[in-house]
Amino acid sequence: MIEAVKAKRVELREAGELLGVEAIDRTGLVITSEGAFVRVFRVMPVNPLLMSGEERDKVAASFQRLISQLQADERIQVVVEGRPVNLAELLADCRREVEACAGPPSARPEAAEPLSLSRWRLYASLEESLRLHADDHAAVEVNHYVVVPFLPRQHVARAALSYWRRGKLPTAPLERTLTAHRRAVREHLGRVDALRAELEGEGMATELLDGEQVVHLLWSSFSPTKADDGRRPARAGELLGELDASVEREDAIEASRRLREAVAAASLDFDRDAQLAYVDRGAEQTIAVATTAGRTAMGWLHGAMLTRQPFTLCVFVHALERRRERQRLKLAYRRLFTINRGAESRGRVPDFDRYVQEREYEGLLGQLATGEQTGLFHVSVYERLRARGPEPDLAALSEAVDFCTEQIESAGDLKVNAGTFRQQRLWESTLPLGRDVVAQVRKYPTVNAADMLPLVGTKCGSPTGVPFAFADPGRTVELLNLYDEVHPNHTMLIAGRSGSGKTMTANVLMSRCLALGARAFVLDRAGHYETLSRLVDGAQQIELGAEASPYALNPWDVSEPAKVPREKVAFLVALHQVMMGHLDGQQLGMIASGVRAVYGKAAALGTSPTESLLREELRAQAEEARRAEAPEIAATLRNLADQLGEYCGEGTYAYLLDRPTTVPRQSPLVIFDTRACPESQLQLVMFSIMEYVTGTVQRHWAQHRADAVKPGAPLFLGRSLMLIDEAWHLIR
């Protein structure tokens, strides 16, 4: 028993040494064993598959500006982490949203409120769909992080010594005065904010990780199997301190020990296999780019992220001292120039590669001499691939390694090293701490170094919303929030050939929004949404435009006829212009005057305004004009009244506009079926439907707006959506 405890302590101590962290504060500031300050921020990457050539060039230029901000000997680390999607956490978020609008699920469905039961049943279909298809698609969750290490200012001699200690990580003192510490924290945070601003300027949202998030990120590297199951470090909050006050040396050492034991608690074995590391009962292999890339392009490492196994792609970019590197480049150019000219003078066959390299040196020296934002950088690229425990599939891991190696080699015209006998140091280099332990670096100018940044992905959804689809390629679960403020407008178009699944997509989208509390309206020309209406209690299938239909919309409806908004008058004028064809300015004025008069009489008599009242008002105004000896005005008013005849009383289309509204206003789903509506009158029905929907949505939002804007409010509270099926037919 004693020997087992001793072995456990040795194992924990060794794992903690691999962690290399002394302290983490609540703001997310990390102090490494080398004395470096480290902060991590998450980035929402761009999707190059959805970008034009010009847009890609623009993003590539922003990446160049990003790394150009690095001063001599500064570096950043970009980490892309892909792990199996956590279905339990994703579904728990959805359940909270459903419960917020439908209440908790009832143990007795027969006694539950019908609409609440309908929402929970729609959620059940969502959950079943995700559980059925997530494993088939090998669904993953991909996160992009930028790690910014920073060495506080130190004595010139110490800095020079640190530079010349090649093969070792640069260091800084772990002990300093409180004033020096606060200055270093401010400088570091300023560098981080500058990098974030550059990315956000291109629309890539960023989020600075706090202490608990950083602890979880590190813990998931040491305990990936537990992290896949949605578990978290047990004492994350207790491990965080406040690095803004003086601390006794012994207390700091004890806090560091507790942090390492909690974060690096899983078993690590780097000796069992020359090419594999066994971490938390899973098997991992880290590969490294070994030669200089022959060609690069923005996002060329994206292919290495499309493996079906969990992965961590890591890129270090280290800025070199511009003046020193320019001097070295000049010497190399002179040497190469001399060799090429000497070969020419002796009449030898020229070496094509040497001539290409000479032109590259010449062009790069020209850029450095003109003062452009061009520099030289050391870049290293590593990718860690993992077979999930507790019984790792080594064949699948080998297949993933071969796939990623081929993707990187074919895209960059280079060689990838399998990491034989170097797995421990390679694994350490992939930790999100800015520590390039292996330093398998190659030298690149700004343009090529910026192309190495893997801040690209296939995500095309929203940060929050309903689980909607799996991205292809990429296999990420995409969320959709129709009301995300990032969108310039809230209009979505579902396009595709016949039979491609447009209607199914629309049904799925609406069912999931309804489950989370939204209201929906559908304009249907083909009866594609009857099934959905039967799944939602209180849903209404409204047949409009048919004479035998019991449903009607009165476009004159207002809450108070004595206080008619100008927008309502303008709507009715536009409606009658569609109804009667082209009307000139005088006729439009007469219609507007008649509309206002109708509302005035309806308010006085306590009746509802209708189309028949407008016809009577126009005839009365025509009679007044005749008595006032204005025959032309009287004739125009009589003509307008006669044109309304077919829409009033016993007219052919009176059932469309001259009946009281019978469509319910509180239904969670209203489907307007216009198949029976005559083609010539479809525009009028559309006008009436949109006016009804607009008014209903405004009232619904006004009712819930106060609660919807509160922090933590349900995502779809007070929200509504309108679906127009076969919209091309209506706007044809």
# chains A, B, ... in the order shown; residues from 1 in each chain; ligands from 1
call {"tool": "residues_around", "arguments": {"residues": "segment 400-404 of chain A", "least_positions_apart": "2", "cutoff": "7 Å", "atoms": "only C-alpha atoms", "output": "list in words"}}
result
Ala304, Thr307, Gln309, Leu385, Ala396, Leu397, Ser398, Glu406, Gln407 and Ile408 of chain A
call {"tool": "residues_around", "arguments": {"residues": "Lys443 of chain A", "least_positions_apart": "6", "cutoff": "7 Å", "atoms": "only C-alpha atoms", "output": "list in words"}}
result
Leu376, Phe377, His378 and Val379 of chain A
call {"tool": "residues_around", "arguments": {"residues": "segment 41-46 of chain A", "least_positions_apart": "4", "cutoff": "6 Å", "atoms": "only C-alpha atoms", "output": "number ranges by chain"}}
result
A: 144-146, 204-209, 455-457
call {"tool": "write_last_selection", "arguments": {"atoms": "C-alpha atoms", "output": "PDB file, in the first residue's frame"}}
result
ATOM      1  CA  HIS A 144      -9.823  27.787 -31.960  1.00  0.00           C
ATOM      2  CA  TYR A 145      -7.557  29.432 -29.392  1.00  0.00           C
ATOM      3  CA  VAL A 146      -4.779  31.978 -29.606  1.00  0.00           C
ATOM      4  CA  MET A 204     -13.817  37.106 -36.133  1.00  0.00           C
ATOM      5  CA  ALA A 205     -15.336  37.371 -32.671  1.00  0.00           C
ATOM      6  CA  THR A 206     -12.982  36.700 -29.747  1.00  0.00           C
ATOM      7  CA  GLU A 207     -13.463  35.835 -26.078  1.00  0.00           C
ATOM      8  CA  LEU A 208     -10.761  36.122 -23.410  1.00  0.00           C
ATOM      9  CA  LEU A 209     -10.788  32.986 -21.261  1.00  0.00           C
ATOM     10  CA  LEU A 455      -7.841  30.228 -37.916  1.00  0.00           C
ATOM     11  CA  VAL A 456     -10.214  28.648 -40.414  1.00  0.00           C
ATOM     12  CA  GLY A 457     -13.065  26.199 -40.052  1.00  0.00           C
TER      13      GLY A 457
END
call {"tool": "closest_residue", "arguments": {"among": "A:Gln213, A:Gln666, A:Ser498, A:Thr446", "to": "Gln367 of chain A", "atoms": "only C-alpha atoms"}}
result
A:Thr446
call {"tool": "select_by_dssp", "arguments": {"residues": "segment 199-361 of chain A", "states": "alpha helix (DSSP H)", "output": "PyMOL selection string"}}
result
chain A and resi 199-200+211-222+224-228+249-263+322-345+352-361
call {"tool": "residues_around", "arguments": {"residues": "Tyr355 of chain A", "least_positions_apart": "2", "cutoff": "12 Å", "atoms": "only C-alpha atoms", "output": "list in words"}}
result
Tyr333, Leu336, Phe337, Thr338, Ile339, Asn340, Arg341, Ala343, Glu344, Val349, Pro350, Asp351, Phe352, Asp353, Gln357, Glu358, Arg359, Glu360, Tyr361 and Glu362 of chain A
call {"tool": "write_last_selection", "arguments": {"atoms": "N, CA, C and O atoms", "output": "PDB file, in the first residue's frame"}}
result
ATOM      1  N   TYR A 333      22.431  35.765 -49.642  1.00  0.00           N
ATOM      2  CA  TYR A 333      22.215  36.170 -51.037  1.00  0.00           C
ATOM      3  C   TYR A 333      23.546  36.354 -51.762  1.00  0.00           C
ATOM      4  O   TYR A 333      23.701  35.940 -52.911  1.00  0.00           O
ATOM      5  N   LEU A 336      25.002  32.913 -52.525  1.00  0.00           N
ATOM      6  CA  LEU A 336      24.288  32.246 -53.605  1.00  0.00           C
ATOM      7  C   LEU A 336      24.529  32.936 -54.942  1.00  0.00           C
ATOM      8  O   LEU A 336      24.688  32.281 -55.986  1.00  0.00           O
ATOM      9  N   PHE A 337      24.575  34.269 -54.924  1.00  0.00           N
ATOM     10  CA  PHE A 337      24.841  35.018 -56.148  1.00  0.00           C
ATOM     11  C   PHE A 337      26.213  34.653 -56.702  1.00  0.00           C
ATOM     12  O   PHE A 337      26.400  34.452 -57.912  1.00  0.00           O
ATOM     13  N   THR A 338      27.195  34.551 -55.812  1.00  0.00           N
ATOM     14  CA  THR A 338      28.548  34.202 -56.238  1.00  0.00           C
ATOM     15  C   THR A 338      28.586  32.806 -56.842  1.00  0.00           C
ATOM     16  O   THR A 338      29.238  32.573 -57.884  1.00  0.00           O
ATOM     17  N   ILE A 339      27.913  31.857 -56.220  1.00  0.00           N
ATOM     18  CA  ILE A 339      27.889  30.487 -56.740  1.00  0.00           C
ATOM     19  C   ILE A 339      27.254  30.443 -58.124  1.00  0.00           C
ATOM     20  O   ILE A 339      27.786  29.796 -59.053  1.00  0.00           O
ATOM     21  N   ASN A 340      26.114  31.143 -58.288  1.00  0.00           N
ATOM     22  CA  ASN A 340      25.419  31.114 -59.585  1.00  0.00           C
ATOM     23  C   ASN A 340      26.236  31.781 -60.676  1.00  0.00           C
ATOM     24  O   ASN A 340      26.316  31.281 -61.810  1.00  0.00           O
ATOM     25  N   ARG A 341      26.858  32.943 -60.374  1.00  0.00           N
ATOM     26  CA  ARG A 341      27.656  33.608 -61.405  1.00  0.00           C
ATOM     27  C   ARG A 341      28.900  32.793 -61.749  1.00  0.00           C
ATOM     28  O   ARG A 341      29.352  32.759 -62.898  1.00  0.00           O
ATOM     29  N   ALA A 343      29.143  29.535 -61.642  1.00  0.00           N
ATOM     30  CA  ALA A 343      28.718  28.429 -62.505  1.00  0.00           C
ATOM     31  C   ALA A 343      28.500  28.902 -63.930  1.00  0.00           C
ATOM     32  O   ALA A 343      28.838  28.201 -64.897  1.00  0.00           O
ATOM     33  N   GLU A 344      27.932  30.099 -64.087  1.00  0.00           N
ATOM     34  CA  GLU A 344      27.716  30.641 -65.428  1.00  0.00           C
ATOM     35  C   GLU A 344      29.044  30.890 -66.144  1.00  0.00           C
ATOM     36  O   GLU A 344      29.198  30.612 -67.337  1.00  0.00           O
ATOM     37  N   VAL A 349      25.875  23.694 -66.454  1.00  0.00           N
ATOM     38  CA  VAL A 349      24.413  23.720 -66.558  1.00  0.00           C
ATOM     39  C   VAL A 349      23.859  24.380 -65.299  1.00  0.00           C
ATOM     40  O   VAL A 349      24.185  23.962 -64.176  1.00  0.00           O
ATOM     41  N   PRO A 350      23.034  25.435 -65.427  1.00  0.00           N
ATOM     42  CA  PRO A 350      22.548  26.147 -64.233  1.00  0.00           C
ATOM     43  C   PRO A 350      21.620  25.262 -63.393  1.00  0.00           C
ATOM     44  O   PRO A 350      20.868  24.446 -63.924  1.00  0.00           O
ATOM     45  N   ASP A 351      21.713  25.434 -62.072  1.00  0.00           N
ATOM     46  CA  ASP A 351      20.835  24.742 -61.131  1.00  0.00           C
ATOM     47  C   ASP A 351      19.567  25.580 -60.977  1.00  0.00           C
ATOM     48  O   ASP A 351      19.601  26.683 -60.438  1.00  0.00           O
ATOM     49  N   PHE A 352      18.439  25.029 -61.424  1.00  0.00           N
ATOM     50  CA  PHE A 352      17.191  25.794 -61.425  1.00  0.00           C
ATOM     51  C   PHE A 352      16.785  26.205 -60.012  1.00  0.00           C
ATOM     52  O   PHE A 352      16.360  27.344 -59.781  1.00  0.00           O
ATOM     53  N   ASP A 353      16.921  25.289 -59.048  1.00  0.00           N
ATOM     54  CA  ASP A 353      16.511  25.601 -57.679  1.00  0.00           C
ATOM     55  C   ASP A 353      17.327  26.746 -57.099  1.00  0.00           C
ATOM     56  O   ASP A 353      16.804  27.585 -56.354  1.00  0.00           O
ATOM     57  N   GLN A 357      15.850  30.268 -55.687  1.00  0.00           N
ATOM     58  CA  GLN A 357      16.164  30.745 -54.343  1.00  0.00           C
ATOM     59  C   GLN A 357      16.810  32.125 -54.382  1.00  0.00           C
ATOM     60  O   GLN A 357      16.535  32.980 -53.533  1.00  0.00           O
ATOM     61  N   GLU A 358      17.668  32.370 -55.391  1.00  0.00           N
ATOM     62  CA  GLU A 358      18.283  33.694 -55.524  1.00  0.00           C
ATOM     63  C   GLU A 358      17.231  34.767 -55.749  1.00  0.00           C
ATOM     64  O   GLU A 358      17.277  35.846 -55.141  1.00  0.00           O
ATOM     65  N   ARG A 359      16.251  34.491 -56.598  1.00  0.00           N
ATOM     66  CA  ARG A 359      15.185  35.478 -56.850  1.00  0.00           C
ATOM     67  C   ARG A 359      14.340  35.695 -55.596  1.00  0.00           C
ATOM     68  O   ARG A 359      13.897  36.815 -55.323  1.00  0.00           O
ATOM     69  N   GLU A 360      14.097  34.616 -54.826  1.00  0.00           N
ATOM     70  CA  GLU A 360      13.342  34.774 -53.586  1.00  0.00           C
ATOM     71  C   GLU A 360      14.101  35.659 -52.600  1.00  0.00           C
ATOM     72  O   GLU A 360      13.514  36.551 -51.971  1.00  0.00           O
ATOM     73  N   TYR A 361      15.401  35.427 -52.448  1.00  0.00           N
ATOM     74  CA  TYR A 361      16.207  36.263 -51.563  1.00  0.00           C
ATOM     75  C   TYR A 361      16.183  37.716 -52.013  1.00  0.00           C
ATOM     76  O   TYR A 361      16.066  38.641 -51.202  1.00  0.00           O
ATOM     77  N   GLU A 362      16.300  37.916 -53.313  1.00  0.00           N
ATOM     78  CA  GLU A 362      16.324  39.280 -53.844  1.00  0.00           C
ATOM     79  C   GLU A 362      15.002  39.997 -53.569  1.00  0.00           C
ATOM     80  O   GLU A 362      14.982  41.158 -53.151  1.00  0.00           O
TER      81      GLU A 362
END
call {"tool": "closest_residue", "arguments": {"among": "A:Phe421, A:Glu391, A:Ala515, A:Gln698", "to": "Glu99 of chain A", "atoms": "only C-alpha atoms"}}
result
A:Ala515
call {"tool": "select_by_dssp", "arguments": {"residues": "segment 46-292 of chain A", "states": "strand (DSSP E or B)", "output": "ChimeraX atom specification"}}
result
/A:46,75-84,140-150,206-208,241,268-269,277-279,282-289
call {"tool": "residues_around", "arguments": {"residues": "Leu268 of chain A", "least_positions_apart": "3", "cutoff": "7 Å", "atoms": "only C-alpha atoms", "output": "list in words"}}
result
Tyr278, Val279 and Asp280 of chain A
call {"tool": "write_last_selection", "arguments": {"atoms": "all heavy atoms", "output": "PDB file, in the first residue's frame"}}
result
ATOM      1  N   TYR A 278       0.275   7.270 -24.122  1.00  0.00           N
ATOM      2  CA  TYR A 278      -0.975   6.805 -23.522  1.00  0.00           C
ATOM      3  C   TYR A 278      -1.362   7.787 -22.422  1.00  0.00           C
ATOM      4  O   TYR A 278      -0.671   7.908 -21.405  1.00  0.00           O
ATOM      5  CB  TYR A 278      -0.815   5.392 -22.981  1.00  0.00           C
ATOM      6  CG  TYR A 278      -0.707   4.364 -24.082  1.00  0.00           C
ATOM      7  CD1 TYR A 278       0.532   4.066 -24.652  1.00  0.00           C
ATOM      8  CD2 TYR A 278      -1.836   3.736 -24.579  1.00  0.00           C
ATOM      9  CE1 TYR A 278       0.630   3.141 -25.683  1.00  0.00           C
ATOM     10  CE2 TYR A 278      -1.752   2.805 -25.604  1.00  0.00           C
ATOM     11  CZ  TYR A 278      -0.515   2.518 -26.154  1.00  0.00           C
ATOM     12  OH  TYR A 278      -0.425   1.602 -27.180  1.00  0.00           O
ATOM     13  N   VAL A 279      -2.464   8.497 -22.663  1.00  0.00           N
ATOM     14  CA  VAL A 279      -2.913   9.569 -21.779  1.00  0.00           C
ATOM     15  C   VAL A 279      -4.350   9.278 -21.370  1.00  0.00           C
ATOM     16  O   VAL A 279      -5.242   9.195 -22.231  1.00  0.00           O
ATOM     17  CB  VAL A 279      -2.823  10.947 -22.477  1.00  0.00           C
ATOM     18  CG1 VAL A 279      -3.279  12.053 -21.535  1.00  0.00           C
ATOM     19  CG2 VAL A 279      -1.407  11.203 -22.969  1.00  0.00           C
ATOM     20  N   ASP A 280      -4.579   9.129 -20.064  1.00  0.00           N
ATOM     21  CA  ASP A 280      -5.925   8.922 -19.535  1.00  0.00           C
ATOM     22  C   ASP A 280      -6.643   7.781 -20.266  1.00  0.00           C
ATOM     23  O   ASP A 280      -7.760   7.939 -20.742  1.00  0.00           O
ATOM     24  CB  ASP A 280      -6.732  10.222 -19.630  1.00  0.00           C
ATOM     25  CG  ASP A 280      -8.017  10.172 -18.836  1.00  0.00           C
ATOM     26  OD1 ASP A 280      -8.074   9.395 -17.866  1.00  0.00           O
ATOM     27  OD2 ASP A 280      -8.963  10.902 -19.196  1.00  0.00           O
TER      28      ASP A 280
END
call {"tool": "closest_atom_pairs", "arguments": {"of": "segment 372-479 of chain A", "to": "segment 66-83 of chain A", "cutoff": "12 Å", "atoms": "only C-alpha atoms", "output": "tab-separated table"}}
result
residue	atom	partner	partner_atom	distance
A:Glu372	CA	A:Ser68	CA	10.3
A:Gln373	CA	A:Ser68	CA	6.4
A:Thr374	CA	A:Ser68	CA	7.3
A:Gly375	CA	A:Ser68	CA	7.4
A:Leu376	CA	A:Ser68	CA	9.6
A:Phe377	CA	A:Ile67	CA	9.0
A:His378	CA	A:Arg75	CA	9.1
A:Val379	CA	A:Arg75	CA	9.5
A:Ser380	CA	A:Gln77	CA	9.5
A:Val381	CA	A:Val78	CA	9.7
A:Tyr382	CA	A:Val79	CA	9.7
A:Glu383	CA	A:Val80	CA	9.2
A:Arg384	CA	A:Glu81	CA	9.4
A:Leu385	CA	A:Gly82	CA	9.5
A:Arg386	CA	A:Arg83	CA	9.2
A:Ala387	CA	A:Arg83	CA	10.6
A:Arg388	CA	A:Arg83	CA	9.7
A:Ser429	CA	A:Gln77	CA	9.9
A:Thr430	CA	A:Val79	CA	7.7
A:Leu431	CA	A:Val79	CA	8.5
A:Pro432	CA	A:Val79	CA	6.7
A:Leu433	CA	A:Gln77	CA	8.0
A:Gly434	CA	A:Gln77	CA	5.5
A:Arg435	CA	A:Gln77	CA	8.4
A:Asp436	CA	A:Gln77	CA	8.8
A:Tyr444	CA	A:Ile67	CA	12.0
A:Pro445	CA	A:Ser68	CA	10.4
A:Thr446	CA	A:Ser68	CA	7.3
A:Val447	CA	A:Ile67	CA	9.7
A:Asn448	CA	A:Ile67	CA	11.0
A:Ala449	CA	A:Ile67	CA	8.1
A:Ala450	CA	A:Ile67	CA	6.8
A:Asp451	CA	A:Ile67	CA	10.5
A:Met452	CA	A:Val78	CA	9.6
A:Leu453	CA	A:Val78	CA	6.8
A:Pro454	CA	A:Val78	CA	7.1
A:Leu455	CA	A:Val78	CA	7.7
A:Val456	CA	A:Val80	CA	9.3
A:Gly457	CA	A:Val80	CA	9.5
A:Gly474	CA	A:Gly82	CA	9.9
A:Arg475	CA	A:Gly82	CA	10.4
A:Thr476	CA	A:Gly82	CA	9.4
A:Val477	CA	A:Arg83	CA	11.9
call {"tool": "write_last_selection", "arguments": {"atoms": "C-alpha atoms", "output": "mmCIF file, in the first residue's frame"}}
result
data_model
loop_
_atom_site.group_PDB
_atom_site.id
_atom_site.type_symbol
_atom_site.label_atom_id
_atom_site.label_comp_id
_atom_site.auth_asym_id
_atom_site.auth_seq_id
_atom_site.Cartn_x
_atom_site.Cartn_y
_atom_site.Cartn_z
ATOM 1 C CA GLU A 372 7.165 47.385 -45.627
ATOM 2 C CA GLN A 373 5.596 45.314 -42.833
ATOM 3 C CA THR A 374 7.693 42.338 -43.796
ATOM 4 C CA GLY A 375 9.702 40.284 -41.358
ATOM 5 C CA LEU A 376 10.992 36.788 -40.809
ATOM 6 C CA PHE A 377 9.449 34.259 -38.460
ATOM 7 C CA HIS A 378 10.200 30.843 -37.083
ATOM 8 C CA VAL A 379 7.136 28.637 -37.542
ATOM 9 C CA SER A 380 6.563 25.161 -36.144
ATOM 10 C CA VAL A 381 3.529 22.972 -36.794
ATOM 11 C CA TYR A 382 2.435 19.982 -34.702
ATOM 12 C CA GLU A 383 -0.715 17.877 -34.714
ATOM 13 C CA ARG A 384 -1.742 15.521 -31.943
ATOM 14 C CA LEU A 385 -4.222 12.783 -32.879
ATOM 15 C CA ARG A 386 -6.052 10.631 -30.389
ATOM 16 C CA ALA A 387 -7.880 7.324 -30.197
ATOM 17 C CA ARG A 388 -10.455 7.548 -27.420
ATOM 18 C CA SER A 429 4.600 21.406 -27.220
ATOM 19 C CA THR A 430 0.892 21.003 -28.029
ATOM 20 C CA LEU A 431 -0.248 22.161 -24.585
ATOM 21 C CA PRO A 432 -1.918 25.617 -24.814
ATOM 22 C CA LEU A 433 0.828 27.388 -22.870
ATOM 23 C CA GLY A 434 2.975 28.955 -25.606
ATOM 24 C CA ARG A 435 5.895 26.580 -24.811
ATOM 25 C CA ASP A 436 7.547 25.183 -27.964
ATOM 26 C CA TYR A 444 9.297 31.971 -43.322
ATOM 27 C CA PRO A 445 8.603 35.567 -44.384
ATOM 28 C CA THR A 446 5.447 37.344 -43.222
ATOM 29 C CA VAL A 447 3.215 36.224 -46.095
ATOM 30 C CA ASN A 448 3.945 32.517 -45.673
ATOM 31 C CA ALA A 449 3.971 32.652 -41.874
ATOM 32 C CA ALA A 450 0.519 34.263 -41.905
ATOM 33 C CA ASP A 451 -0.746 31.493 -44.190
ATOM 34 C CA MET A 452 0.247 29.021 -41.480
ATOM 35 C CA LEU A 453 -2.330 30.386 -39.022
ATOM 36 C CA PRO A 454 -5.099 27.755 -38.886
ATOM 37 C CA LEU A 455 -7.841 30.228 -37.916
ATOM 38 C CA VAL A 456 -10.214 28.648 -40.414
ATOM 39 C CA GLY A 457 -13.065 26.199 -40.052
ATOM 40 C CA GLY A 474 -16.144 19.439 -40.767
ATOM 41 C CA ARG A 475 -18.914 17.387 -39.079
ATOM 42 C CA THR A 476 -19.600 20.061 -36.477
ATOM 43 C CA VAL A 477 -23.090 20.408 -35.010
#
call {"tool": "atom_distance", "arguments": {"atom1": "atom CA of Asn417 of chain A", "atom2": "atom CA of Ala36 of chain A"}}
result
28.7 Å
call {"tool": "closest_residue", "arguments": {"among": "A:Gln423, A:Ser593, A:Ser220, A:Gln586", "to": "Arg232 of chain A", "atoms": "only C-alpha atoms"}}
result
A:Ser220
call {"tool": "closest_residue", "arguments": {"among": "A:Val564, A:Ala620, A:Pro149, A:Leu516", "to": "Gly103 of chain A", "atoms": "only C-alpha atoms"}}
result
A:Leu516
call {"tool": "residues_around", "arguments": {"residues": "Gln275 of chain A", "least_positions_apart": "5", "cutoff": "10 Å", "atoms": "only C-alpha atoms", "output": "mmCIF file with C-alpha atoms, in the first residue's frame"}}
result
data_model
loop_
_atom_site.group_PDB
_atom_site.id
_atom_site.type_symbol
_atom_site.label_atom_id
_atom_site.label_comp_id
_atom_site.auth_asym_id
_atom_site.auth_seq_id
_atom_site.Cartn_x
_atom_site.Cartn_y
_atom_site.Cartn_z
ATOM 1 C CA PHE A 270 5.408 7.774 -22.987
ATOM 2 C CA GLU A 284 -2.186 9.646 -28.839
ATOM 3 C CA GLN A 285 0.398 10.339 -31.525
ATOM 4 C CA THR A 286 1.881 13.751 -32.304
ATOM 5 C CA ILE A 287 3.351 14.483 -35.733
ATOM 6 C CA ALA A 418 6.054 10.761 -37.257
ATOM 7 C CA GLY A 419 7.661 11.786 -33.952
ATOM 8 C CA THR A 420 9.388 8.495 -33.203
ATOM 9 C CA PHE A 421 11.034 8.529 -29.739
ATOM 10 C CA ARG A 422 9.974 12.186 -29.266
ATOM 11 C CA GLN A 423 6.364 11.820 -28.250
ATOM 12 C CA GLN A 424 6.774 13.305 -24.776
#
call {"tool": "residues_around", "arguments": {"residues": "His188 of chain A", "least_positions_apart": "5", "cutoff": "10 Å", "atoms": "only C-alpha atoms", "output": "ChimeraX atom specification"}}
result
/A:29,37-39,148-152,182-183,193
call {"tool": "closest_residue", "arguments": {"among": "A:Glu679, A:Glu128, A:Asp557, A:Glu212", "to": "Pro609 of chain A", "atoms": "only C-alpha atoms"}}
result
A:Asp557
call {"tool": "atom_distance", "arguments": {"atom1": "atom CA of Ala274 of chain A", "atom2": "atom CA of Leu394 of chain A"}}
result
13.8 Å
call {"tool": "closest_residue", "arguments": {"among": "A:Lys459, A:Tyr647, A:Arg512, A:Thr225", "to": "Asp472 of chain A", "atoms": "only C-alpha atoms"}}
result
A:Lys459
call {"tool": "decode", "arguments": {"residues": "segment 504-515 of chain A", "atoms": "N, CA and C atoms", "output": "CSV table (one decimal), in the first residue's frame"}}
result
chain,number,residue,atom,x,y,z
A,504,MET,N,-38.6,19.6,-46.0
A,504,MET,CA,-38.2,18.9,-44.7
A,504,MET,C,-37.3,19.8,-43.9
A,505,THR,N,-36.4,20.5,-44.5
A,505,THR,CA,-35.6,21.5,-43.7
A,505,THR,C,-36.4,22.5,-43.0
A,506,ALA,N,-37.4,23.0,-43.7
A,506,ALA,CA,-38.3,24.0,-43.1
A,506,ALA,C,-39.1,23.5,-42.0
A,507,ASN,N,-39.6,22.3,-42.2
A,507,ASN,CA,-40.4,21.6,-41.1
A,507,ASN,C,-39.6,21.4,-39.8
A,508,VAL,N,-38.3,20.9,-40.0
A,508,VAL,CA,-37.4,20.6,-38.9
A,508,VAL,C,-37.1,21.9,-38.2
A,509,LEU,N,-36.8,22.9,-39.0
A,509,LEU,CA,-36.4,24.2,-38.3
A,509,LEU,C,-37.6,24.8,-37.5
A,510,MET,N,-38.8,24.8,-38.1
A,510,MET,CA,-39.9,25.3,-37.3
A,510,MET,C,-40.3,24.5,-36.1
A,511,SER,N,-40.2,23.1,-36.2
A,511,SER,CA,-40.5,22.3,-35.1
A,511,SER,C,-39.6,22.6,-33.9
A,512,ARG,N,-38.3,22.8,-34.2
A,512,ARG,CA,-37.3,23.1,-33.1
A,512,ARG,C,-37.5,24.4,-32.5
A,513,CYS,N,-37.8,25.4,-33.4
A,513,CYS,CA,-38.1,26.7,-32.8
A,513,CYS,C,-39.4,26.7,-32.0
A,514,LEU,N,-40.4,26.0,-32.4
A,514,LEU,CA,-41.6,25.9,-31.7
A,514,LEU,C,-41.4,25.3,-30.3
A,515,ALA,N,-40.5,24.2,-30.3
A,515,ALA,CA,-40.2,23.5,-29.0
A,515,ALA,C,-39.6,24.5,-28.0
